Structure formats: C-alpha cells, structure tokens
Amino acid sequence: MDNIYYLLLALLAILFIGPALFADRSPIPETSDNVYKITEAAEFDALLSSTTHVVVDFYADWCPPCRAIAPVFSKLADHHSSKGHLAFAKVNVDHVKNIAERYSVSAMPTFVFFRDGVPKGLAVNGIKGRQSVSLTSDGLVDRVRGADRVALEAVVQSLASKEEGSMGKSD
C-alpha cells in the first residue's frame with residue numbers, strides 16, 4: 001500500500017514540477033532588425049533620450065506567453081518603427097534586472113509605453129476594461145500585462161497614428 005502512495009506522490013511531482021524543470025529556456029529569437037535588445041541600463045537610457053515614443057517588452061526566456069507574443073512584437077516593430085520617433089525595445093528581466101525593478105515590472109510579458117523618456121499613459125480607443133490593460137487614474141493606458149495581442153496592437157496603432165500626425169505637422 002505504501003508503494004502506491006509513493007507512486008502517486010512521484011506522479012504528482014512530475015506533473016507539477018516537471019514543466020518548470022523542462023521548460024524551454026533558450027533565448028527567444030528576435031526576427032526584426034527594428035527591435036533593440038537591451039543589455040544594460042545605459043543603452044536603455046540612451047534609447048529613451050533619443051526617441052520620442054518607445055514601446056518596451058519586458059520578457060523572460062522561460063516564459064511561454066513571452067514566446068507567443070514575440071513574433072507579434074517584431075511585426076509591429078517592422079511596420080511602425082520610425083527612427084527618433086517610435087522605437088521598440090526588449091528587456092530580458094533576468095539579464096537586466098535593474099531596469100525591470102526601476103519600472104516595477106513583476107509579470108511577464110509586460111509592455112510599458114514611454115514618451116520623452118518616461119512612462120506615460122496613452123488614450124487608446126476600444127481596450128478599456130480589459131484585465132490585461134493597466135490604466136492611469138485618468139483612464140489612459142499605462143501598460144499591458146500578458147500576451148494580449150489585441151491590446152498591444154491597439155496601443156501601437158494609436159502611437160503610430162500620433163507619430164504620423166506629428167510628423168505631418170512639422171513638414
């Protein structure tokens with residue numbers, strides 16, 4: 001009878017601990033030349049100071065939702081990046097911990113939206129009330145937590161529209 005308990009305990013251990021032990025921890029491949037892979041705080045600060053809007057993906061290699069949303073983020077960067085105006089960056093929270101701590105990132109993936117070097121809320125139509133969307137007190141999108149493709153695409157589209165409008169005014 002004791003052997004059955006040990007067998008059940010072993011099976012439960014495999015079911016609950018096994019996925020963590022055998023998770024894919026290889027680096028998430030980046031398919032876009034338009035995404036900055038941040039490796040240190042100075043590099044991140046330089047990007048923030050040289051670009052009006054920056055969309056940052058805080059991720060981890062061991063995170064399955066991060067792997068799922070990575071191609072979407074790359075595609076958005078390919079379609080919307082604009083030097084000096086709109087940039088896309090990835091920060092691996094396990095490698096550049098001080099940046100993740102600086103912006104209180106505790107879940108992966110988390111997308112934070114910067115304007116003029118600081119996280120800034122953004123008015124985005126149609127995504128309020130989503131569990132993954134964090135709003136400021138005045139109803140602006142502050143960040144997106146999780147691999148919410150619809151919310152991420154909506155925020156980036158809103159940013160891209162603002163950039164196109166501001167570039168058109170300065171010409």
# chains A, B, ... in the order shown; residues from 1 in each chain; ligands from 1

$ residues_around --residues "Ser50 of chain A" --least-positions-apart "6" --cutoff "9 Å" --atoms "only C-alpha atoms" --output "list in words"
Lys83, Gly84, His85, Asp116 and Gly117 of chain A

$ write_last_selection --atoms "N, CA, C and O atoms" --output "mmCIF file, in the first residue's frame"
data_model
loop_
_atom_site.group_PDB
_atom_site.id
_atom_site.type_symbol
_atom_site.label_atom_id
_atom_site.label_comp_id
_atom_site.auth_asym_id
_atom_site.auth_seq_id
_atom_site.Cartn_x
_atom_site.Cartn_y
_atom_site.Cartn_z
ATOM 1 N N LYS A 83 12.784 56.027 -36.820
ATOM 2 C CA LYS A 83 13.977 56.494 -36.104
ATOM 3 C C LYS A 83 13.749 57.859 -35.456
ATOM 4 O O LYS A 83 13.339 58.801 -36.107
ATOM 5 N N GLY A 84 13.991 57.898 -34.153
ATOM 6 C CA GLY A 84 13.837 59.134 -33.407
ATOM 7 C C GLY A 84 12.416 59.419 -32.954
ATOM 8 O O GLY A 84 12.195 60.295 -32.130
ATOM 9 N N HIS A 85 11.451 58.703 -33.527
ATOM 10 C CA HIS A 85 10.053 58.970 -33.210
ATOM 11 C C HIS A 85 9.368 57.816 -32.482
ATOM 12 O O HIS A 85 8.692 58.029 -31.486
ATOM 13 N N ASP A 116 8.988 60.725 -24.279
ATOM 14 C CA ASP A 116 10.022 61.657 -23.814
ATOM 15 C C ASP A 116 10.780 61.112 -22.605
ATOM 16 O O ASP A 116 11.070 61.831 -21.657
ATOM 17 N N GLY A 117 11.061 59.819 -22.618
ATOM 18 C CA GLY A 117 11.908 59.198 -21.618
ATOM 19 C C GLY A 117 11.232 58.712 -20.355
ATOM 20 O O GLY A 117 11.900 58.161 -19.481
#

$ closest_atom_pairs --of "segment 66-87 of chain A" --to "segment 142-147 of chain A" --cutoff "8 Å" --atoms "only C-alpha atoms" --output "Markdown table"
| residue | atom | partner | partner_atom | distance |
| --- | --- | --- | --- | --- |
| A:Cys66 | CA | A:Ala147 | CA | 6.7 |
| A:Ala68 | CA | A:Ala147 | CA | 7.2 |
| A:Ile69 | CA | A:Ala147 | CA | 5.5 |

$ write_last_selection --atoms "N, CA, C and O atoms" --output "PDB file, in the first residue's frame"
ATOM      1  N   CYS A  66       5.541  34.969 -23.356  1.00  0.00           N
ATOM      2  CA  CYS A  66       6.529  35.862 -23.975  1.00  0.00           C
ATOM      3  C   CYS A  66       6.946  35.325 -25.347  1.00  0.00           C
ATOM      4  O   CYS A  66       7.102  36.076 -26.302  1.00  0.00           O
ATOM      5  N   ALA A  68       5.097  33.436 -27.222  1.00  0.00           N
ATOM      6  CA  ALA A  68       3.945  33.518 -28.119  1.00  0.00           C
ATOM      7  C   ALA A  68       3.773  34.916 -28.710  1.00  0.00           C
ATOM      8  O   ALA A  68       3.421  35.059 -29.883  1.00  0.00           O
ATOM      9  N   ILE A  69       4.035  35.956 -27.929  1.00  0.00           N
ATOM     10  CA  ILE A  69       3.794  37.331 -28.390  1.00  0.00           C
ATOM     11  C   ILE A  69       5.013  37.917 -29.120  1.00  0.00           C
ATOM     12  O   ILE A  69       4.887  38.928 -29.822  1.00  0.00           O
TER      13      ILE A  69
END

$ closest_residue --among "A:Thr31, A:Thr52, A:Asn98, A:Asn92" --to "Phe73 of chain A" --atoms "only C-alpha atoms"
A:Thr31

$ closest_residue --among "A:Ala154, A:Val124, A:Ala60, A:Leu7" --to "Leu140 of chain A" --atoms "only C-alpha atoms"
A:Val124

$ residues_around --residues "Val141 of chain A" --least-positions-apart "3" --cutoff "8 Å" --atoms "only C-alpha atoms" --output "list in words"
Gly121, Leu122, Ala123, Val124, Val133, Ser134, Leu135, Thr136, Val144 and Val155 of chain A

$ select_by_dssp --residues "segment 55-121 of chain A" --states "strand (DSSP E)" --output "count of residues only"
20

$ select_by_dssp --residues "chain A" --states "helix (DSSP H, G or I)" --output "MDAnalysis selection string"
chainID A and resid 2:21 41:50 64:80 97:102 149:170

$ closest_residue --among "A:Val35, A:Ile99, A:Val112, A:Ala42" --to "Val56 of chain A" --atoms "only C-alpha atoms"
A:Val112

$ residues_around --residues "Leu76 of chain A" --least-positions-apart "2" --cutoff "9 Å" --atoms "only C-alpha atoms" --output "JSON, numbers by chain"
{"A": [71, 72, 73, 74, 78, 79, 80, 81, 88, 153, 156, 157]}

$ residues_around --residues "Tyr103 of chain A" --least-positions-apart "3" --cutoff "12 Å" --atoms "only C-alpha atoms" --output "JSON, numbers by chain"
{"A": [56, 57, 58, 91, 93, 96, 97, 98, 99, 100, 106, 107, 110, 111, 112, 113, 114, 118, 119, 120, 142, 143]}

$ atom_distance --atom1 "atom CA of Ala89 of chain A" --atom2 "atom CA of Gly139 of chain A"
24.7 Å

$ residues_around --residues "Asp148 of chain A" --least-positions-apart "3" --cutoff "7 Å" --atoms "only C-alpha atoms" --output "mmCIF file with all heavy atoms, in the first residue's frame"
data_model
loop_
_atom_site.group_PDB
_atom_site.id
_atom_site.type_symbol
_atom_site.label_atom_id
_atom_site.label_comp_id
_atom_site.auth_asym_id
_atom_site.auth_seq_id
_atom_site.Cartn_x
_atom_site.Cartn_y
_atom_site.Cartn_z
ATOM 1 N N SER A 132 -5.946 42.737 -18.833
ATOM 2 C CA SER A 132 -4.513 42.874 -19.067
ATOM 3 C C SER A 132 -4.058 44.328 -19.180
ATOM 4 O O SER A 132 -2.872 44.601 -19.170
ATOM 5 C CB SER A 132 -4.121 42.140 -20.347
ATOM 6 O OG SER A 132 -4.793 42.722 -21.451
ATOM 7 N N ALA A 151 -4.732 44.240 -27.398
ATOM 8 C CA ALA A 151 -4.395 45.460 -26.663
ATOM 9 C C ALA A 151 -3.061 46.034 -27.144
ATOM 10 O O ALA A 151 -2.949 47.242 -27.363
ATOM 11 C CB ALA A 151 -4.335 45.182 -25.165
ATOM 12 N N LEU A 152 -2.057 45.186 -27.325
ATOM 13 C CA LEU A 152 -0.753 45.659 -27.787
ATOM 14 C C LEU A 152 -0.866 46.305 -29.161
ATOM 15 O O LEU A 152 -0.331 47.398 -29.394
ATOM 16 C CB LEU A 152 0.252 44.501 -27.813
ATOM 17 C CG LEU A 152 1.658 44.848 -28.301
ATOM 18 C CD1 LEU A 152 2.303 45.908 -27.416
ATOM 19 C CD2 LEU A 152 2.513 43.587 -28.346
#
